[in-house]
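Q: Sharing my_file29.pdb below, PDB, C-alpha atoms:
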MODEL        1
ATOM      1  CA  MET A   1    -193.502-155.160  41.718
ATOM      2  CA  TYR A   2    -194.939-154.987  38.215
ATOM      3  CA  GLU A   3    -198.499-156.220  37.699
ATOM      4  CA  GLN A   4    -199.652-157.040  34.176
ATOM      5  CA  GLU A   5    -203.439-157.177  34.443
ATOM      6  CA  GLN A   6    -204.918-153.793  33.592
ATOM      7  CA  PRO A   7    -208.423-152.895  32.330
ATOM      8  CA  VAL A   8    -208.571-151.025  29.046
ATOM      9  CA  MET A   9    -210.116-147.574  28.744
ATOM     10  CA  GLY A  10    -213.156-147.580  26.432
ATOM     11  CA  LEU A  11    -212.819-146.336  22.878
ATOM     12  CA  VAL A  12    -215.476-144.569  20.848
ATOM     13  CA  LYS A  13    -217.656-146.815  18.722
ATOM     14  CA  GLY A  14    -218.734-144.045  16.372
ATOM     15  CA  GLY A  15    -217.879-143.248  12.761
ATOM     16  CA  LYS A  16    -215.278-145.432  11.053
ATOM     17  CA  GLY A  17    -213.148-142.479   9.930
ATOM     18  CA  LYS A  18    -212.855-140.976  13.392
ATOM     19  CA  LEU A  19    -212.233-144.387  14.935
ATOM     20  CA  GLN A  20    -209.440-145.148  12.444
ATOM     21  CA  GLN A  21    -207.824-141.773  13.151
ATOM     22  CA  SER A  22    -207.901-142.512  16.875
ATOM     23  CA  ILE A  23    -206.415-145.971  16.357
ATOM     24  CA  ASP A  24    -203.618-144.457  14.246
ATOM     25  CA  GLN A  25    -202.800-141.942  16.985
ATOM     26  CA  LEU A  26    -202.788-144.640  19.649
ATOM     27  CA  ASN A  27    -200.557-146.896  17.523
ATOM     28  CA  ILE A  28    -197.998-144.114  17.131
ATOM     29  CA  LEU A  29    -197.970-143.338  20.850
ATOM     30  CA  GLU A  30    -197.935-146.982  21.940
ATOM     31  CA  LYS A  31    -195.042-147.744  19.590
ATOM     32  CA  GLU A  32    -193.156-144.733  20.944
ATOM     33  CA  ILE A  33    -193.484-146.092  24.487
ATOM     34  CA  ILE A  34    -192.168-149.499  23.367
ATOM     35  CA  ARG A  35    -189.298-147.754  21.550
ATOM     36  CA  ILE A  36    -188.337-145.757  24.636
ATOM     37  CA  LEU A  37    -188.441-148.884  26.810
ATOM     38  CA  LEU A  38    -186.253-150.869  24.403
ATOM     39  CA  LEU A  39    -183.648-148.153  23.912
ATOM     40  CA  TYR A  40    -183.578-146.452  27.312
ATOM     41  CA  GLY A  41    -185.646-148.538  29.762
ATOM     42  CA  ASN A  42    -182.672-149.284  32.021
ATOM     43  CA  GLU A  43    -181.491-145.671  32.245
ATOM     44  CA  ILE A  44    -181.807-143.799  35.551
ATOM     45  CA  VAL A  45    -182.725-140.150  35.005
ATOM     46  CA  ASP A  46    -184.053-137.122  36.859
ATOM     47  CA  PHE A  47    -187.768-136.568  36.303
ATOM     48  CA  VAL A  48    -190.018-133.578  36.836
ATOM     49  CA  ASN A  49    -193.704-133.993  37.552
ATOM     50  CA  TRP A  50    -196.411-131.333  37.735
ATOM     51  CA  VAL A  51    -199.089-132.233  40.275
ATOM     52  CA  ASP A  52    -202.401-130.543  40.989
ATOM     53  CA  ALA A  53    -202.269-128.417  44.153
ATOM     54  CA  VAL A  54    -204.244-125.638  45.844
ATOM     55  CA  ASP A  55    -202.772-122.413  47.252
ATOM     56  CA  GLU A  56    -203.742-120.703  50.526
ATOM     57  CA  ARG A  57    -206.639-118.945  48.774
ATOM     58  CA  GLY A  58    -208.022-122.189  47.430
ATOM     59  CA  ARG A  59    -206.905-121.538  43.876
ATOM     60  CA  PRO A  60    -205.648-124.557  41.873
ATOM     61  CA  PHE A  61    -202.143-124.556  40.434
ATOM     62  CA  LEU A  62    -199.513-127.029  39.209
ATOM     63  CA  GLU A  63    -196.748-127.787  41.698
ATOM     64  CA  LYS A  64    -193.324-128.972  40.529
ATOM     65  CA  GLU A  65    -191.886-132.230  41.909
ATOM     66  CA  GLU A  66    -188.382-133.504  41.110
ATOM     67  CA  TYR A  67    -187.240-137.099  41.653
ATOM     68  CA  GLN A  68    -185.061-139.879  40.193
ATOM     69  CA  ASN A  69    -186.317-143.093  38.614
ATOM     70  CA  THR A  70    -185.565-145.631  35.888
ATOM     71  CA  VAL A  71    -187.271-144.964  32.576
ATOM     72  CA  SER A  72    -188.998-148.364  32.678
ATOM     73  CA  ASN A  73    -190.378-147.892  36.183
ATOM     74  CA  GLU A  74    -191.559-144.364  35.415
ATOM     75  CA  LEU A  75    -193.464-145.508  32.353
ATOM     76  CA  TYR A  76    -194.925-148.511  34.143
ATOM     77  CA  LEU A  77    -196.162-146.503  37.123
ATOM     78  CA  ASN A  78    -197.796-143.892  34.907
ATOM     79  CA  LEU A  79    -199.557-146.463  32.735
ATOM     80  CA  GLN A  80    -200.682-148.415  35.795
ATOM     81  CA  GLU A  81    -201.986-145.273  37.488
ATOM     82  CA  ASP A  82    -204.435-144.666  34.637
ATOM     83  CA  GLU A  83    -205.158-148.392  34.192
ATOM     84  CA  ILE A  84    -204.094-148.108  30.558
ATOM     85  CA  GLU A  85    -203.708-151.207  28.410
ATOM     86  CA  PHE A  86    -202.257-151.049  24.920
ATOM     87  CA  THR A  87    -204.904-151.273  22.194
ATOM     88  CA  ASN A  88    -202.520-152.785  19.607
ATOM     89  CA  GLU A  89    -202.186-156.514  20.356
ATOM     90  CA  ILE A  90    -198.512-156.915  19.422
ATOM     91  CA  PHE A  91    -197.568-153.784  21.391
ATOM     92  CA  ARG A  92    -199.512-155.159  24.351
ATOM     93  CA  LEU A  93    -197.741-158.534  24.193
ATOM     94  CA  THR A  94    -194.335-156.864  23.847
ATOM     95  CA  TYR A  95    -195.081-154.599  26.795
ATOM     96  CA  PHE A  96    -196.054-157.613  28.925
ATOM     97  CA  GLU A  97    -192.762-159.301  27.992
ATOM     98  CA  LEU A  98    -190.870-156.171  29.035
ATOM     99  CA  ILE A  99    -192.712-156.072  32.364
ATOM    100  CA  HIS A 100    -192.015-159.787  32.863
ATOM    101  CA  GLN A 101    -188.300-159.152  32.341
ATOM    102  CA  LEU A 102    -188.352-156.343  34.877
ATOM    103  CA  ASN A 103    -190.067-158.631  37.377
ATOM    104  CA  GLN A 104    -187.468-161.344  36.881
ATOM    105  CA  ASP A 105    -184.226-159.445  36.344
ATOM    106  CA  GLU A 106    -185.070-155.803  37.203
ATOM    107  CA  LYS A 107    -183.712-154.770  33.801
ATOM    108  CA  ILE A 108    -184.592-155.085  30.119
ATOM    109  CA  SER A 109    -182.688-157.498  27.840
ATOM    110  CA  VAL A 110    -183.102-156.464  24.219
ATOM    111  CA  ASP A 111    -181.181-159.525  22.988
ATOM    112  CA  TYR A 112    -183.755-161.827  24.586
ATOM    113  CA  LEU A 113    -186.586-160.033  22.807
ATOM    114  CA  ILE A 114    -184.797-160.154  19.443
ATOM    115  CA  MET A 115    -184.674-163.955  19.782
ATOM    116  CA  HIS A 116    -188.162-164.241  21.252
ATOM    117  CA  GLU A 117    -190.200-167.354  20.394
ATOM    118  CA  ASN A 118    -193.068-165.142  19.232
ATOM    119  CA  PRO A 119    -191.973-164.004  15.732
ATOM    120  CA  GLN A 120    -194.197-160.910  15.919
ATOM    121  CA  ILE A 121    -192.447-159.675  19.061
ATOM    122  CA  SER A 122    -189.040-160.490  17.586
ATOM    123  CA  SER A 123    -189.908-158.682  14.340
ATOM    124  CA  LEU A 124    -191.260-155.601  16.115
ATOM    125  CA  VAL A 125    -188.211-155.261  18.346
ATOM    126  CA  THR A 126    -185.794-155.830  15.451
ATOM    127  CA  ASN A 127    -187.552-153.266  13.246
ATOM    128  CA  ILE A 128    -187.557-150.633  15.991
ATOM    129  CA  LEU A 129    -183.841-151.131  16.604
ATOM    130  CA  MET A 130    -183.044-151.039  12.880
ATOM    131  CA  ASP A 131    -185.072-147.872  12.395
ATOM    132  CA  GLU A 132    -183.204-146.261  15.267
ATOM    133  CA  GLU A 133    -179.869-147.278  13.792
ATOM    134  CA  LYS A 134    -180.736-145.528  10.534
ATOM    135  CA  TYR A 135    -180.967-142.212  12.405
ATOM    136  CA  ASN A 136    -177.705-142.692  14.244
ATOM    137  CA  LEU A 137    -174.497-141.408  12.736
ATOM    138  CA  SER A 138    -171.999-143.990  11.464
ATOM    139  CA  ASP A 139    -169.070-142.279  13.200
ATOM    140  CA  TRP A 140    -168.847-143.827  16.698
ATOM    141  CA  GLU A 141    -167.445-140.721  18.367
ATOM    142  CA  ARG A 142    -170.238-138.519  17.052
ATOM    143  CA  LYS A 143    -172.790-141.242  17.766
ATOM    144  CA  GLU A 144    -171.754-141.140  21.422
ATOM    145  CA  VAL A 145    -172.510-137.432  21.447
ATOM    146  CA  PHE A 146    -175.899-138.158  19.872
ATOM    147  CA  VAL A 147    -176.745-140.757  22.525
ATOM    148  CA  THR A 148    -175.620-138.433  25.319
ATOM    149  CA  GLU A 149    -177.894-135.686  24.036
ATOM    150  CA  THR A 150    -180.814-138.124  23.848
ATOM    151  CA  ILE A 151    -180.259-139.147  27.473
ATOM    152  CA  LYS A 152    -180.554-135.488  28.488
ATOM    153  CA  ILE A 153    -184.034-135.167  26.984
ATOM    154  CA  LEU A 154    -185.264-138.592  28.165
ATOM    155  CA  PRO A 155    -187.444-137.152  30.965
ATOM    156  CA  LYS A 156    -189.319-135.042  28.416
ATOM    157  CA  LEU A 157    -189.644-137.945  25.952
ATOM    158  CA  VAL A 158    -191.145-140.150  28.655
ATOM    159  CA  THR A 159    -193.452-137.468  30.039
ATOM    160  CA  ASP A 160    -194.680-136.367  26.607
ATOM    161  CA  ALA A 161    -195.408-139.964  25.552
ATOM    162  CA  VAL A 162    -197.509-140.628  28.656
ATOM    163  CA  LEU A 163    -199.344-137.291  28.634
ATOM    164  CA  ASN A 164    -200.176-137.548  24.940
ATOM    165  CA  LEU A 165    -201.481-141.078  25.394
ATOM    166  CA  ARG A 166    -203.682-139.849  28.244
ATOM    167  CA  ARG A 167    -204.845-136.942  26.086
ATOM    168  CA  VAL A 168    -205.955-139.186  23.203
ATOM    169  CA  LEU A 169    -207.749-141.604  25.541
ATOM    170  CA  ILE A 170    -209.579-138.732  27.244
ATOM    171  CA  GLU A 171    -210.642-137.363  23.855
ATOM    172  CA  GLU A 172    -211.961-140.816  22.970
ATOM    173  CA  LYS A 173    -213.826-141.047  26.265
ATOM    174  CA  ILE A 174    -215.593-137.746  25.566
ATOM    175  CA  LYS A 175    -216.540-138.944  22.067
ATOM    176  CA  GLU A 176    -217.813-142.206  23.518
ATOM    177  CA  ILE A 177    -220.069-140.382  25.994
ATOM    178  CA  MET A 178    -221.476-138.199  23.206
ATOM    179  CA  HIS A 179    -222.010-141.177  20.896
ATOM    180  CA  GLU A 180    -223.788-143.267  23.522
ATOM    181  CA  SER A 181    -226.110-140.379  24.399
ATOM    182  CA  GLN A 182    -226.989-139.957  20.708
ATOM    183  CA  GLU A 183    -227.708-143.667  20.337
ATOM    184  CA  GLN A 184    -229.964-143.613  23.384
ATOM    185  CA  SER A 185    -231.517-140.242  22.460
ATOM    186  CA  VAL A 186    -230.683-138.778  25.865
ATOM    187  CA  THR A 187    -228.872-135.662  27.037
ATOM    188  CA  PRO A 188    -225.165-136.387  27.573
ATOM    189  CA  ASP A 189    -223.787-136.178  31.086
ATOM    190  CA  LEU A 190    -222.485-132.610  30.923
ATOM    191  CA  GLU A 191    -220.772-132.836  34.317
ATOM    192  CA  GLU A 192    -218.804-135.910  33.252
ATOM    193  CA  ILE A 193    -217.836-134.244  29.971
ATOM    194  CA  ALA A 194    -216.765-131.106  31.877
ATOM    195  CA  ASN A 195    -214.591-133.219  34.189
ATOM    196  CA  TYR A 196    -212.855-134.938  31.263
ATOM    197  CA  THR A 197    -212.454-131.603  29.469
ATOM    198  CA  GLY A 198    -210.831-130.183  32.611
ATOM    199  CA  LEU A 199    -208.429-133.130  32.722
ATOM    200  CA  LYS A 200    -207.566-132.563  29.069
ATOM    201  CA  LYS A 201    -206.877-128.874  29.728
ATOM    202  CA  ARG A 202    -204.514-129.717  32.602
ATOM    203  CA  LEU A 203    -202.697-132.213  30.376
ATOM    204  CA  PHE A 204    -202.101-129.489  27.792
ATOM    205  CA  GLU A 205    -200.757-127.222  30.545
ATOM    206  CA  LYS A 206    -198.314-129.929  31.622
ATOM    207  CA  LEU A 207    -197.265-130.646  28.028
ATOM    208  CA  ASN A 208    -196.526-126.973  27.401
ATOM    209  CA  ARG A 209    -194.283-126.585  30.430
ATOM    210  CA  VAL A 210    -190.505-126.612  30.013
ATOM    211  CA  ILE A 211    -188.999-129.656  31.732
TER     212      ILE A 211
ENDMDL
END
As a first step, turn the structure in this file into structure tokens.

A:
Amino acid sequence: MYEQEQPVMGLVKGGKGKLQQSIDQLNILEKEIIRILLLYGNEIVDFVNWVDAVDERGRPFLEKEEYQNTVSNELYLNLQEDEIEFTNEIFRLTYFELIHQLNQDEKISVDYLIMHENPQISSLVTNILMDEEKYNLSDWERKEVFVTETIKILPKLVTDAVLNLRRVLIEEKIKEIMHESQEQSVTPDLEEIANYTGLKKRLFEKLNRVI
């Protein structure tokens, strides 16, 4: 059900400052996906998706689709669709372990990951869980309310994480095209840039919609 081999989208090889900024953004988004999987991967929630459609006059618009899925499966399918691989090595290894668990048991076991033989995976998972605990209230009754409220916004958390990751990767792809054309002293492929820019615009439209 879950395949692990995925090609990575190319990153810009340009200036060090811009590259570091991009890596920082990707690290934040990749860690957020791992966090969501660890805390809520087994939850079944109602999702909303906005898909590209065309009306009777041939004009493009975003059509609303509603469906139910587990958080883990929703994230996996979206990442697989874009053939996205994590750029941070420890996040990538942790993600593969999560996918392996889902293949074997169809659910995520946080306890197994805490005791994982790879100390980097164990440390990452433990730190994420400890950071989350710091934000939770100590009173168990109020904490239950907090968790319930989080469950309600899970569809948006998942969707925003995926769309923002796509957005950053598309921005990097545009920069890569521009950089390569400069290195080769040729005119950049304007049609390709326009296509990626159009994708980026549609992502912003989806991010700005109320889910």

Q: Using all atoms listed in the file, can you tell me which of A:Glu97, A:Asp55, A:Glu180, A:Glu106 comes closest to Val125 in chain A?

A: A:Glu97

Q: Go ahead and compute the interatomic distance for CA of Val48 in chain A and CA of Leu199 in chain A, in Å to one decimal.

A: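 Atom-to-atom, CA of Val48 in chain A and CA of Leu199 in chain A are spaced 18.9 Å apart.
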
Q: From the options A:Thr159, A:Asn42, A:Thr94, A:Ser122, which residue's atoms come nearest to Thr70 in chain A, counting only C-alpha atoms?

A: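 Nearest candidate to Thr70 in chain A out of A:Thr159, A:Asn42, A:Thr94, A:Ser122: A:Asn42.
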
Q: Applying 12 Å and only C-alpha atoms, which residues near range 108-112 of chain A remain after dropping the ones on its own chain fewer than 2 positions away? List them as a PyMOL selection string.

A: chain A and resi 34-43+70-73+94-106+114-118+121-122+124-126+128-129

Q: Padding of 8 Å on every side, edges along x, y and z, all listed atoms of range 48-67 of chain A included: what centre and edge lengths in Å, to one decimal, does that box have, as lines of an AutoDock Vina configuration file?

A:
center_x = -197.6
center_y = -128.0
center_z = 43.7
size_x = 36.8
size_y = 34.2
size_z = 29.7

Q: Using only C-alpha atoms, which residue out of A:Glu66, A:Glu132, A:Glu171, A:Glu32 lies closest to Lys200 in chain A?

A: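 Of all the options, A:Glu171 lies closest to Lys200 in chain A.
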
Q: Starting from the PyMOL selection byres ((chain A and resi 155) around 8), expand the selection into actual residues of this file and give them as a list in words.

A: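 Selected by the PyMOL selection byres ((chain A and resi 155) around 8) in this file: Val45, Asp46, Phe47, Val48, Val71, Lys152, Ile153, Leu154, Lys156, Leu157, Val158, Thr159 and Ile211 of chain A.
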
Q: May I ask which of the residues A:Arg166, A:Lys64, A:Lys134, A:Lys107 is the closest one to Leu29 in chain A, counting all atoms listed in the file?

A: A:Arg166

Q: Tell me, in Å to one decimal, how far CA of Asn164 in chain A is from CA of Thr197 in chain A.

A: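 Separating CA of Asn164 in chain A from CA of Thr197 in chain A is a distance of 14.4 Å.
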